[in-house]
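Some notes on the structure that comes next.
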Amino acid sequence: MERLEAFEAMLADLTRQAAWEKEQMEQLKAAGREKSATYRQYFGNRLIYSQIFAWYKKYGLME
């Protein structure tokens, strides 16, 4: 796999995972489980994803 293909695959996976976790967080929140370990883990992950996406945008790798 070429380097650009690998990057594109990684970005697609991160985007998909971030969207899935956001959906899971919404379901947990609707169930009143914002203080659960799972919700908090997803929240932490979202902070990491947002930082990664910010770096990609900074370097023009993502819109």
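Letters A, B, ... go to the chains of the structure tokens in the order shown; residues in each chain start at 1; ligands are counted from 1 in the same order.
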
Write out as a PyMOL selection string all residues of chain A that backbone DSSP assigns to helix (DSSP H, G or I). chain A and resi 3-30+37-58

Can you tell me, as a short mmCIF file (atom, residue, chain, number, x, y, z; two decimals) with C-alpha atoms, in the first residue's frame, what residues are no more than 9 Å from range 51-53 of chain A when counting only C-alpha atoms, ignoring any on the same chain fewer than 6 positions away?
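Saved result, out_39.cif, follows:
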```cif
data_model
loop_
_atom_site.label_atom_id
_atom_site.label_comp_id
_atom_site.auth_asym_id
_atom_site.auth_seq_id
_atom_site.Cartn_x
_atom_site.Cartn_y
_atom_site.Cartn_z
CA LEU A 11 -8.40 8.98 7.84
CA THR A 15 -13.70 9.43 10.71
CA MET A 62 -8.31 17.54 5.37
#
```

If you count only C-alpha atoms, the residue of A:Ala37, A:Ala30, A:Tyr49, A:Gly44 closest to Arg16 in chain A turns out to be A:Tyr49

Rank A:Arg46, A:Lys35, A:Arg3, A:Arg40 by their smallest atom-to-atom distance to Trp20 in chain A, using only C-alpha atoms, and report the top residue only.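 Result for the nearest residue to Trp20 in chain A: A:Arg46.
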
Within 12 Å of Tyr42 in chain A using only C-alpha atoms, minus same-chain residues under 2 positions, as a list in words: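 Selected residues are Gln17, Ala18, Ala19, Trp20, Glu21, Lys22, Glu23, Gln24, Met25, Glu26, Gln27, Leu28, Lys29, Glu34, Lys35, Ser36, Ala37, Thr38, Tyr39, Arg40, Gly44, Asn45, Arg46, Leu47, Ile48 and Tyr49 of chain A.
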
As a check of understanding: the span from CA of Tyr59 in chain A to CA of Leu4 in chain A is 14.4 Å

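Coordinates place CA of Ala12 in chain A at a distance of 15.9 Å from CA of Gly60 in chain A.
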
Interatomic distance, CA of Trp55 in chain A to CA of Ala6 in chain A (Å, one decimal):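 So the two atoms, CA of Trp55 in chain A and CA of Ala6 in chain A, lie 17.1 Å apart.
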